[in-house]
Amino acid sequence: SEAEKGAYPYYMLKEIDEQPTVMRSLIKHYTTDDGSVIIDDALLDSMKKADRLYIVAAGTSYHAGLVGKEIFEGLAKVPTEVHVASEFGYNPPILSEKPFFIFLTQSGETADSRQVLAQVNKWGYESLTITNVENSTLSREATFTLLLYAGPEIAVASTKAYTGQIALEAILAKRLGEEKDVSAATSFNVARELTTVANGMQELVDEKGQYEQIAANALATTRNAFYIGRAIDYDVAQEAALKLKEVSYVQTEGFASGELKHGTIALIEEGTPVIAIITCAKTAKHTRSNTQEVLARGANVINIVSRNLAEDGDQIILPDVHSLLTPLLAIVPCQLLAYYTSLQRGYDVDKPRNLAKSVTVE
Ligand code: G6P
């Protein structure tokens with residue numbers, strides 16, 4: 001079956017490797033040969049009426065939502081909020097006049113997200129579930145569903161669902177923006193951009209030895225680690241940190257680079273790994289100045305940088321893609337660093353301690 005490991009030692013590695021295929025499968029399911037996007041008219045009508053999108057999710061799906069905010073605001077110019085499902089009930093946002101809810105959930109079963117959807121249904125608002133599992137609970141209970149068609153995700157640490165969700169958000173935002181005549185959307189050829197992403201991902205997963213080496217040098221014995229970035233790179237830093245901590249048990253945090261000086265820099269010691277994500281042209285210079293600050297305090301700095309922003313000494317270079325899609329590339333080396341660090345520490349990377357694939361209790 002599709003869910004068999006085949007020649008792979010672990011599902012996590014197989015699922016990381018499948019990401020270019022997931023991109024191509026989304027292009028196939030949601031676009032035509034002439035590049036137009038296929039989205040159900042009823043869903044589009046409902047979203048077009050909305051004055052604000054509310055993305056609700058947990059864990060890695062929440063991090064895909066953070067990137068989704070940038071994408072929906074960038075391509076469809078619709079204000080977007082992102083909420084952690086477990087917090088929504090205690091601290092509900094003041095809703096706009098015409099809210100539309102998007103639930104991101106790999107499994108479609110997360111209890112905290114289900115509770116929010118039940119509340120949304122009680123209020124009588126329309127909603128969309130973006131999920132990998134057809135006929136899952138959140139899919140059945142929402143007004144609309146879009147499927148990821150990513151194939152089963154078995155490893156507890158989510159990889160291809162994250163990139164699949166971001167790609168599908170881009171497809172949806174393109175179509176919505178086009179409908180609203182936003183020039184950022186009409187000039188965005190999503191099938192072509194995601195094909196470039198798929199090719200770039202392939203380049204990255206073909207260079208595994210490099211990440212294994214960096215993990216061995218910088219992460220295999222460290223007590224803690226930090227990911228930093230600004231703007232869209234900060235969104236990725238949060239997911240990258242979650243990936244590393246959940247499979248390697250290294251205490252890892254993802255920070256907005258500009259916040260370092262407000263506290264976290266106190267934790268930097270000789271050899272502390274600080275991994276900087278630099279794909280955003282507007283903020284690259286500022287993040288680089290943060291890496292200089294931590295270098296001066298002995299940090300072991302590793303830069304993950306888009307090719308067009310690369311400088312001598314940068315360790316990991318990412319193929320160039322559209323500026324709203326760089327998370328799809330930047331996360332891949334981070335997933336591989338997490339994977340190899342876990343193996344080097346002797347853990348079962350597919351089944352980290354204390355974690356479940358899907359959390360169906362509050
Ligand atoms: C669990 C999993 C995570 C996942 C989160 C949300 O914590 O271990 O990998 O991101 O649930 O799951 P969902 O299925 O709603 O995306």
# chains A, B, ... in the order shown; residues from 1 in each chain; ligands from 1
>>> select_by_dssp(residues="range 249-310 of chain A", states="helix (DSSP H, G or I)", output="list in words")
Ser257, Gly258, Glu259, Leu260, Lys261, His262, Thr264, Ile265, Ala266, Leu267, Ala284, Lys285, His286, Thr287, Arg288, Ser289, Asn290, Thr291, Gln292, Glu293, Val294, Leu295, Arg307, Asn308 and Leu309 of chain A
>>> write_last_selection(atoms="C-alpha atoms", output="PDB file, in the first residue's frame")
ATOM      1  CA  SER A 257      15.323  37.686  15.300  1.00  0.00           C
ATOM      2  CA  GLY A 258      14.540  41.166  16.568  1.00  0.00           C
ATOM      3  CA  GLU A 259      13.386  39.724  19.906  1.00  0.00           C
ATOM      4  CA  LEU A 260      16.744  38.056  20.621  1.00  0.00           C
ATOM      5  CA  LYS A 261      18.124  41.139  22.310  1.00  0.00           C
ATOM      6  CA  HIS A 262      15.073  41.332  24.582  1.00  0.00           C
ATOM      7  CA  THR A 264      16.924  35.098  24.570  1.00  0.00           C
ATOM      8  CA  ILE A 265      20.430  36.305  23.781  1.00  0.00           C
ATOM      9  CA  ALA A 266      21.187  35.692  27.478  1.00  0.00           C
ATOM     10  CA  LEU A 267      21.052  31.959  26.689  1.00  0.00           C
ATOM     11  CA  ALA A 284      17.827  39.675   5.323  1.00  0.00           C
ATOM     12  CA  LYS A 285      20.234  42.415   6.373  1.00  0.00           C
ATOM     13  CA  HIS A 286      18.643  42.726   9.806  1.00  0.00           C
ATOM     14  CA  THR A 287      18.681  38.998  10.492  1.00  0.00           C
ATOM     15  CA  ARG A 288      22.324  38.880   9.411  1.00  0.00           C
ATOM     16  CA  SER A 289      23.154  41.556  11.933  1.00  0.00           C
ATOM     17  CA  ASN A 290      21.521  39.359  14.611  1.00  0.00           C
ATOM     18  CA  THR A 291      23.692  36.427  13.568  1.00  0.00           C
ATOM     19  CA  GLN A 292      26.735  38.694  14.039  1.00  0.00           C
ATOM     20  CA  GLU A 293      25.560  39.521  17.562  1.00  0.00           C
ATOM     21  CA  VAL A 294      25.270  35.863  18.552  1.00  0.00           C
ATOM     22  CA  LEU A 295      28.497  34.926  16.749  1.00  0.00           C
ATOM     23  CA  ARG A 307      20.240  31.620  -3.460  1.00  0.00           C
ATOM     24  CA  ASN A 308      19.591  35.251  -4.482  1.00  0.00           C
ATOM     25  CA  LEU A 309      20.479  36.434  -0.953  1.00  0.00           C
TER      26      LEU A 309
END
>>> select_by_dssp(residues="range 244-326 of chain A", states="strand (DSSP E)", output="ChimeraX atom specification")
/A:251-256,273-278,300-306,316-318
>>> write_last_selection(atoms="N, CA and C atoms", output="mmCIF file, in the first residue's frame")
data_model
loop_
_atom_site.group_PDB
_atom_site.id
_atom_site.type_symbol
_atom_site.label_atom_id
_atom_site.label_comp_id
_atom_site.auth_asym_id
_atom_site.auth_seq_id
_atom_site.Cartn_x
_atom_site.Cartn_y
_atom_site.Cartn_z
ATOM 1 N N GLN A 251 15.981 21.031 23.512
ATOM 2 C CA GLN A 251 15.135 22.188 23.792
ATOM 3 C C GLN A 251 15.386 23.251 22.722
ATOM 4 N N THR A 252 14.386 23.512 21.905
ATOM 5 C CA THR A 252 14.565 24.398 20.750
ATOM 6 C C THR A 252 13.451 25.434 20.728
ATOM 7 N N GLU A 253 13.794 26.655 20.452
ATOM 8 C CA GLU A 253 12.769 27.693 20.300
ATOM 9 C C GLU A 253 12.953 28.424 18.978
ATOM 10 N N GLY A 254 11.842 28.839 18.399
ATOM 11 C CA GLY A 254 11.867 29.657 17.192
ATOM 12 C C GLY A 254 11.556 31.087 17.568
ATOM 13 N N PHE A 255 12.435 31.999 17.218
ATOM 14 C CA PHE A 255 12.276 33.388 17.644
ATOM 15 C C PHE A 255 12.244 34.356 16.474
ATOM 16 N N ALA A 256 11.556 35.457 16.677
ATOM 17 C CA ALA A 256 11.696 36.589 15.777
ATOM 18 C C ALA A 256 13.077 37.179 16.077
ATOM 19 N N PRO A 273 23.899 26.294 19.103
ATOM 20 C CA PRO A 273 23.478 26.398 17.704
ATOM 21 C C PRO A 273 22.390 27.461 17.507
ATOM 22 N N VAL A 274 22.622 28.369 16.585
ATOM 23 C CA VAL A 274 21.607 29.353 16.192
ATOM 24 C C VAL A 274 21.451 29.233 14.679
ATOM 25 N N ILE A 275 20.270 28.784 14.264
ATOM 26 C CA ILE A 275 20.040 28.553 12.841
ATOM 27 C C ILE A 275 19.167 29.693 12.315
ATOM 28 N N ALA A 276 19.705 30.457 11.371
ATOM 29 C CA ALA A 276 18.997 31.626 10.849
ATOM 30 C C ALA A 276 18.376 31.288 9.499
ATOM 31 N N ILE A 277 17.111 31.633 9.358
ATOM 32 C CA ILE A 277 16.423 31.432 8.079
ATOM 33 C C ILE A 277 16.333 32.792 7.390
ATOM 34 N N ILE A 278 16.874 32.848 6.184
ATOM 35 C CA ILE A 278 16.972 34.129 5.477
ATOM 36 C C ILE A 278 16.487 33.952 4.036
ATOM 37 N N ASN A 300 27.206 28.947 17.483
ATOM 38 C CA ASN A 300 27.518 28.193 16.274
ATOM 39 C C ASN A 300 26.411 28.523 15.269
ATOM 40 N N VAL A 301 26.664 29.475 14.386
ATOM 41 C CA VAL A 301 25.612 29.979 13.494
ATOM 42 C C VAL A 301 25.553 29.167 12.201
ATOM 43 N N ILE A 302 24.338 28.771 11.840
ATOM 44 C CA ILE A 302 24.119 28.087 10.559
ATOM 45 C C ILE A 302 23.078 28.902 9.793
ATOM 46 N N ASN A 303 23.433 29.350 8.607
ATOM 47 C CA ASN A 303 22.489 30.128 7.810
ATOM 48 C C ASN A 303 21.824 29.251 6.754
ATOM 49 N N ILE A 304 20.501 29.385 6.660
ATOM 50 C CA ILE A 304 19.727 28.746 5.593
ATOM 51 C C ILE A 304 19.198 29.889 4.727
ATOM 52 N N VAL A 305 19.709 30.026 3.513
ATOM 53 C CA VAL A 305 19.520 31.272 2.762
ATOM 54 C C VAL A 305 19.073 31.001 1.315
ATOM 55 N N SER A 306 18.143 31.794 0.822
ATOM 56 C CA SER A 306 17.769 31.713 -0.600
ATOM 57 C C SER A 306 18.955 32.102 -1.463
ATOM 58 N N ILE A 316 23.645 26.524 4.038
ATOM 59 C CA ILE A 316 22.578 25.836 3.290
ATOM 60 C C ILE A 316 21.924 26.833 2.333
ATOM 61 N N ILE A 317 21.961 26.507 1.048
ATOM 62 C CA ILE A 317 21.435 27.416 0.019
ATOM 63 C C ILE A 317 20.136 26.827 -0.545
ATOM 64 N N LEU A 318 19.098 27.670 -0.615
ATOM 65 C CA LEU A 318 17.788 27.233 -1.110
ATOM 66 C C LEU A 318 17.573 27.732 -2.528
#
>>> residues_around(residues="range 116-120 of chain A", least_positions_apart="4", cutoff="9 Å", atoms="only C-alpha atoms", output="list in words")
Val56, Ala85, Ser86, Phe88, Gly89, Phe101, Phe103, Ala111, Asp112, Gly124, Tyr125, Glu126, Ser127, Leu138, Glu141 and Ala142 of chain A
>>> residues_around(residues="range 323-333 of chain A", least_positions_apart="5", cutoff="9 Å", atoms="only C-alpha atoms", output="PyMOL selection string")
chain A and resi 16+19+67+70-71+74-75+159+162-164+166-167+170+193-194+197-198+200-201+204-205+208+211+232-233+235-237+239-240+277-281+304-306+316+318+338
>>> write_last_selection(atoms="N, CA and C atoms", output="short mmCIF file (atom, residue, chain, number, x, y, z; two decimals), in the first residue's frame")
data_model
loop_
_atom_site.label_atom_id
_atom_site.label_comp_id
_atom_site.auth_asym_id
_atom_site.auth_seq_id
_atom_site.Cartn_x
_atom_site.Cartn_y
_atom_site.Cartn_z
N ILE A 16 9.22 13.13 4.02
CA ILE A 16 10.00 14.31 3.60
C ILE A 16 10.28 14.22 2.10
N GLN A 19 7.56 15.17 -0.63
CA GLN A 19 7.00 16.53 -0.76
C GLN A 19 6.96 17.07 -2.19
N VAL A 67 1.79 30.94 7.91
CA VAL A 67 2.21 31.26 6.53
C VAL A 67 0.98 31.60 5.69
N GLU A 70 0.03 35.24 5.57
CA GLU A 70 0.82 36.03 4.62
C GLU A 70 0.30 35.82 3.19
N ILE A 71 -0.06 34.58 2.89
CA ILE A 71 -0.49 34.24 1.54
C ILE A 71 -1.87 34.84 1.24
N GLY A 74 -1.45 38.55 1.08
CA GLY A 74 -0.63 38.95 -0.06
C GLY A 74 -1.34 38.78 -1.39
N LEU A 75 -2.03 37.67 -1.59
CA LEU A 75 -2.62 37.37 -2.90
C LEU A 75 -4.09 37.78 -3.01
N THR A 159 5.25 16.49 8.24
CA THR A 159 6.15 17.13 7.27
C THR A 159 5.40 17.49 5.99
N TYR A 162 2.36 19.81 6.27
CA TYR A 162 2.69 21.25 6.41
C TYR A 162 2.88 21.89 5.04
N THR A 163 3.72 21.30 4.22
CA THR A 163 3.97 21.91 2.92
C THR A 163 2.74 21.78 2.02
N GLY A 164 2.00 20.67 2.16
CA GLY A 164 0.77 20.51 1.38
C GLY A 164 -0.25 21.59 1.74
N ILE A 166 0.30 24.59 2.98
CA ILE A 166 0.74 25.90 2.50
C ILE A 166 0.49 26.02 0.99
N ALA A 167 0.81 24.96 0.26
CA ALA A 167 0.60 24.99 -1.19
C ALA A 167 -0.88 25.15 -1.52
N ALA A 170 -2.05 28.58 -1.05
CA ALA A 170 -1.63 29.44 -2.16
C ALA A 170 -2.58 29.28 -3.36
N GLU A 193 4.45 28.37 -10.35
CA GLU A 193 5.23 28.64 -9.13
C GLU A 193 5.41 27.38 -8.29
N LEU A 194 4.35 26.56 -8.21
CA LEU A 194 4.47 25.34 -7.40
C LEU A 194 5.32 24.28 -8.10
N VAL A 197 8.68 25.19 -7.11
CA VAL A 197 8.86 24.73 -5.73
C VAL A 197 9.20 23.23 -5.71
N ALA A 198 8.41 22.45 -6.46
CA ALA A 198 8.63 20.99 -6.47
C ALA A 198 10.05 20.66 -6.93
N GLY A 200 12.66 22.62 -6.76
CA GLY A 200 13.58 23.08 -5.71
C GLY A 200 13.63 22.11 -4.54
N MET A 201 12.46 21.62 -4.13
CA MET A 201 12.41 20.62 -3.05
C MET A 201 13.20 19.38 -3.43
N LEU A 204 16.78 19.83 -2.89
CA LEU A 204 17.13 19.80 -1.47
C LEU A 204 17.16 18.37 -0.92
N VAL A 205 16.12 17.59 -1.24
CA VAL A 205 16.09 16.22 -0.67
C VAL A 205 17.15 15.33 -1.32
N LYS A 208 20.98 14.93 0.93
CA LYS A 208 20.81 14.57 2.35
C LYS A 208 22.09 14.54 3.16
N TYR A 211 22.98 17.53 5.29
CA TYR A 211 22.24 17.82 6.53
C TYR A 211 22.64 16.86 7.63
N ILE A 232 8.17 36.32 7.10
CA ILE A 232 7.76 34.95 6.75
C ILE A 232 8.78 33.93 7.26
N ASP A 233 10.04 34.35 7.42
CA ASP A 233 11.07 33.45 7.95
C ASP A 233 10.86 33.15 9.44
N ASP A 235 7.85 32.72 10.70
CA ASP A 235 6.84 31.64 10.66
C ASP A 235 7.53 30.28 10.52
N VAL A 236 8.49 30.21 9.62
CA VAL A 236 9.20 28.93 9.38
C VAL A 236 10.04 28.57 10.60
N ALA A 237 10.66 29.57 11.24
CA ALA A 237 11.49 29.30 12.41
C ALA A 237 10.69 28.58 13.50
N GLU A 239 8.05 26.55 13.08
CA GLU A 239 7.82 25.16 12.68
C GLU A 239 9.12 24.36 12.74
N ALA A 240 10.22 24.97 12.33
CA ALA A 240 11.52 24.29 12.36
C ALA A 240 11.89 23.91 13.79
N ILE A 277 17.11 31.63 9.36
CA ILE A 277 16.42 31.43 8.08
C ILE A 277 16.33 32.79 7.39
N ILE A 278 16.87 32.85 6.18
CA ILE A 278 16.97 34.13 5.48
C ILE A 278 16.49 33.95 4.04
N THR A 279 15.17 34.20 3.84
CA THR A 279 14.63 34.12 2.47
C THR A 279 13.91 35.42 2.12
N CYS A 280 13.72 36.29 3.11
CA CYS A 280 12.94 37.50 2.92
C CYS A 280 13.91 38.65 2.64
N ALA A 281 13.84 39.19 1.42
CA ALA A 281 14.82 40.19 0.99
C ALA A 281 14.78 41.43 1.89
N ILE A 304 20.50 29.39 6.66
CA ILE A 304 19.73 28.75 5.59
C ILE A 304 19.20 29.89 4.73
N VAL A 305 19.71 30.03 3.51
CA VAL A 305 19.52 31.27 2.76
C VAL A 305 19.07 31.00 1.31
N SER A 306 18.14 31.79 0.82
CA SER A 306 17.77 31.71 -0.60
C SER A 306 18.95 32.10 -1.46
N ILE A 316 23.64 26.52 4.04
CA ILE A 316 22.58 25.84 3.29
C ILE A 316 21.92 26.83 2.33
N LEU A 318 19.10 27.67 -0.61
CA LEU A 318 17.79 27.23 -1.11
C LEU A 318 17.57 27.73 -2.53
N ALA A 338 16.25 17.81 11.75
CA ALA A 338 15.54 17.19 12.88
C ALA A 338 15.64 15.67 12.78
#
>>> closest_residue(among="A:Asn189, A:Ser358, A:Ser139, A:Gln213", to="ligand 1", atoms="only C-alpha atoms and all ligand atoms")
A:Ser358
>>> closest_atom_pairs(of="chain A", to="ligand 1", cutoff="8 Å", atoms="only C-alpha atoms and all ligand atoms", output="JSON lines")
{"residue": "A:Ala57", "atom": "CA", "partner": "ligand 1", "partner_atom_place_in_ligand_line": "15 (O)", "distance": 6.3}
{"residue": "A:Ala58", "atom": "CA", "partner": "ligand 1", "partner_atom_place_in_ligand_line": "6 (C)", "distance": 4.6}
{"residue": "A:Gly59", "atom": "CA", "partner": "ligand 1", "partner_atom_place_in_ligand_line": "10 (O)", "distance": 3.9}
{"residue": "A:Thr60", "atom": "CA", "partner": "ligand 1", "partner_atom_place_in_ligand_line": "10 (O)", "distance": 3.7}
{"residue": "A:Ser61", "atom": "CA", "partner": "ligand 1", "partner_atom_place_in_ligand_line": "16 (O)", "distance": 4.7}
{"residue": "A:Tyr62", "atom": "CA", "partner": "ligand 1", "partner_atom_place_in_ligand_line": "10 (O)", "distance": 7.3}
{"residue": "A:Leu104", "atom": "CA", "partner": "ligand 1", "partner_atom_place_in_ligand_line": "16 (O)", "distance": 6.3}
{"residue": "A:Thr105", "atom": "CA", "partner": "ligand 1", "partner_atom_place_in_ligand_line": "16 (O)", "distance": 3.4}
{"residue": "A:Gln106", "atom": "CA", "partner": "ligand 1", "partner_atom_place_in_ligand_line": "16 (O)", "distance": 3.7}
{"residue": "A:Ser107", "atom": "CA", "partner": "ligand 1", "partner_atom_place_in_ligand_line": "14 (O)", "distance": 3.5}
{"residue": "A:Gly108", "atom": "CA", "partner": "ligand 1", "partner_atom_place_in_ligand_line": "14 (O)", "distance": 5.5}
{"residue": "A:Glu109", "atom": "CA", "partner": "ligand 1", "partner_atom_place_in_ligand_line": "14 (O)", "distance": 6.1}
{"residue": "A:Thr110", "atom": "CA", "partner": "ligand 1", "partner_atom_place_in_ligand_line": "15 (O)", "distance": 4.6}
{"residue": "A:Ser113", "atom": "CA", "partner": "ligand 1", "partner_atom_place_in_ligand_line": "15 (O)", "distance": 6.9}
{"residue": "A:Thr131", "atom": "CA", "partner": "ligand 1", "partner_atom_place_in_ligand_line": "16 (O)", "distance": 7.6}
{"residue": "A:Val156", "atom": "CA", "partner": "ligand 1", "partner_atom_place_in_ligand_line": "8 (O)", "distance": 5.1}
{"residue": "A:Ala157", "atom": "CA", "partner": "ligand 1", "partner_atom_place_in_ligand_line": "9 (O)", "distance": 4.8}
{"residue": "A:Ser158", "atom": "CA", "partner": "ligand 1", "partner_atom_place_in_ligand_line": "9 (O)", "distance": 4.5}
{"residue": "A:Ala161", "atom": "CA", "partner": "ligand 1", "partner_atom_place_in_ligand_line": "16 (O)", "distance": 7.7}
{"residue": "A:Leu355", "atom": "CA", "partner": "ligand 1", "partner_atom_place_in_ligand_line": "8 (O)", "distance": 5.8}
{"residue": "A:Ala356", "atom": "CA", "partner": "ligand 1", "partner_atom_place_in_ligand_line": "8 (O)", "distance": 5.0}
{"residue": "A:Lys357", "atom": "CA", "partner": "ligand 1", "partner_atom_place_in_ligand_line": "8 (O)", "distance": 4.2}
{"residue": "A:Ser358", "atom": "CA", "partner": "ligand 1", "partner_atom_place_in_ligand_line": "1 (C)", "distance": 4.6}
{"residue": "A:Val359", "atom": "CA", "partner": "ligand 1", "partner_atom_place_in_ligand_line": "1 (C)", "distance": 5.5}
>>> closest_residue(among="A:Ala310, A:Val361, A:Ala191, A:Ala231", to="Asp33 in chain A", atoms="only C-alpha atoms")
A:Ala191
>>> closest_residue(among="A:Val82, A:Val22, A:Val182, A:Leu176", to="Asn132 in chain A", atoms="only C-alpha atoms")
A:Val22
>>> atom_distance(atom1="CA of Ala241 in chain A", atom2="CA of Ile214 in chain A")
15.8 Å
>>> residues_around(residues="Arg353 in chain A", least_positions_apart="6", cutoff="10 Å", atoms="only C-alpha atoms", output="MDAnalysis selection string")
chainID A and resid 246:249 347
>>> residues_around(residues="Ile130 in chain A", least_positions_apart="3", cutoff="6 Å", atoms="only C-alpha atoms", output="list in words")
Leu104, Thr145, Leu146 and Leu147 of chain A
>>> closest_residue(among="A:Gly313, A:Gly298, A:Pro352, A:Pro79", to="Thr272 in chain A", atoms="only C-alpha atoms")
A:Gly298
>>> residues_around(residues="Ala42 in chain A", least_positions_apart="5", cutoff="10 Å", atoms="only C-alpha atoms", output="MDAnalysis selection string")
chainID A and resid 47:48 143:144
>>> write_last_selection(atoms="C-alpha atoms", output="PDB file, in the first residue's frame")
ATOM      1  CA  MET A  47     -15.194  33.294   0.791  1.00  0.00           C
ATOM      2  CA  LYS A  48     -15.695  36.282  -1.486  1.00  0.00           C
ATOM      3  CA  THR A 143     -19.475  23.579   5.193  1.00  0.00           C
ATOM      4  CA  PHE A 144     -16.690  22.862   2.674  1.00  0.00           C
TER       5      PHE A 144
END
>>> closest_residue(among="A:Lys282, A:Lys49, A:Lys160, A:Arg114", to="Glu18 in chain A", atoms="only C-alpha atoms")
A:Lys160
>>> atom_distance(atom1="CA of Pro20 in chain A", atom2="CA of Lys243 in chain A")
19.1 Å
>>> closest_residue(among="A:Gln210, A:Gln315, A:Thr196, A:Thr283", to="Ile228 in chain A", atoms="only C-alpha atoms")
A:Thr283
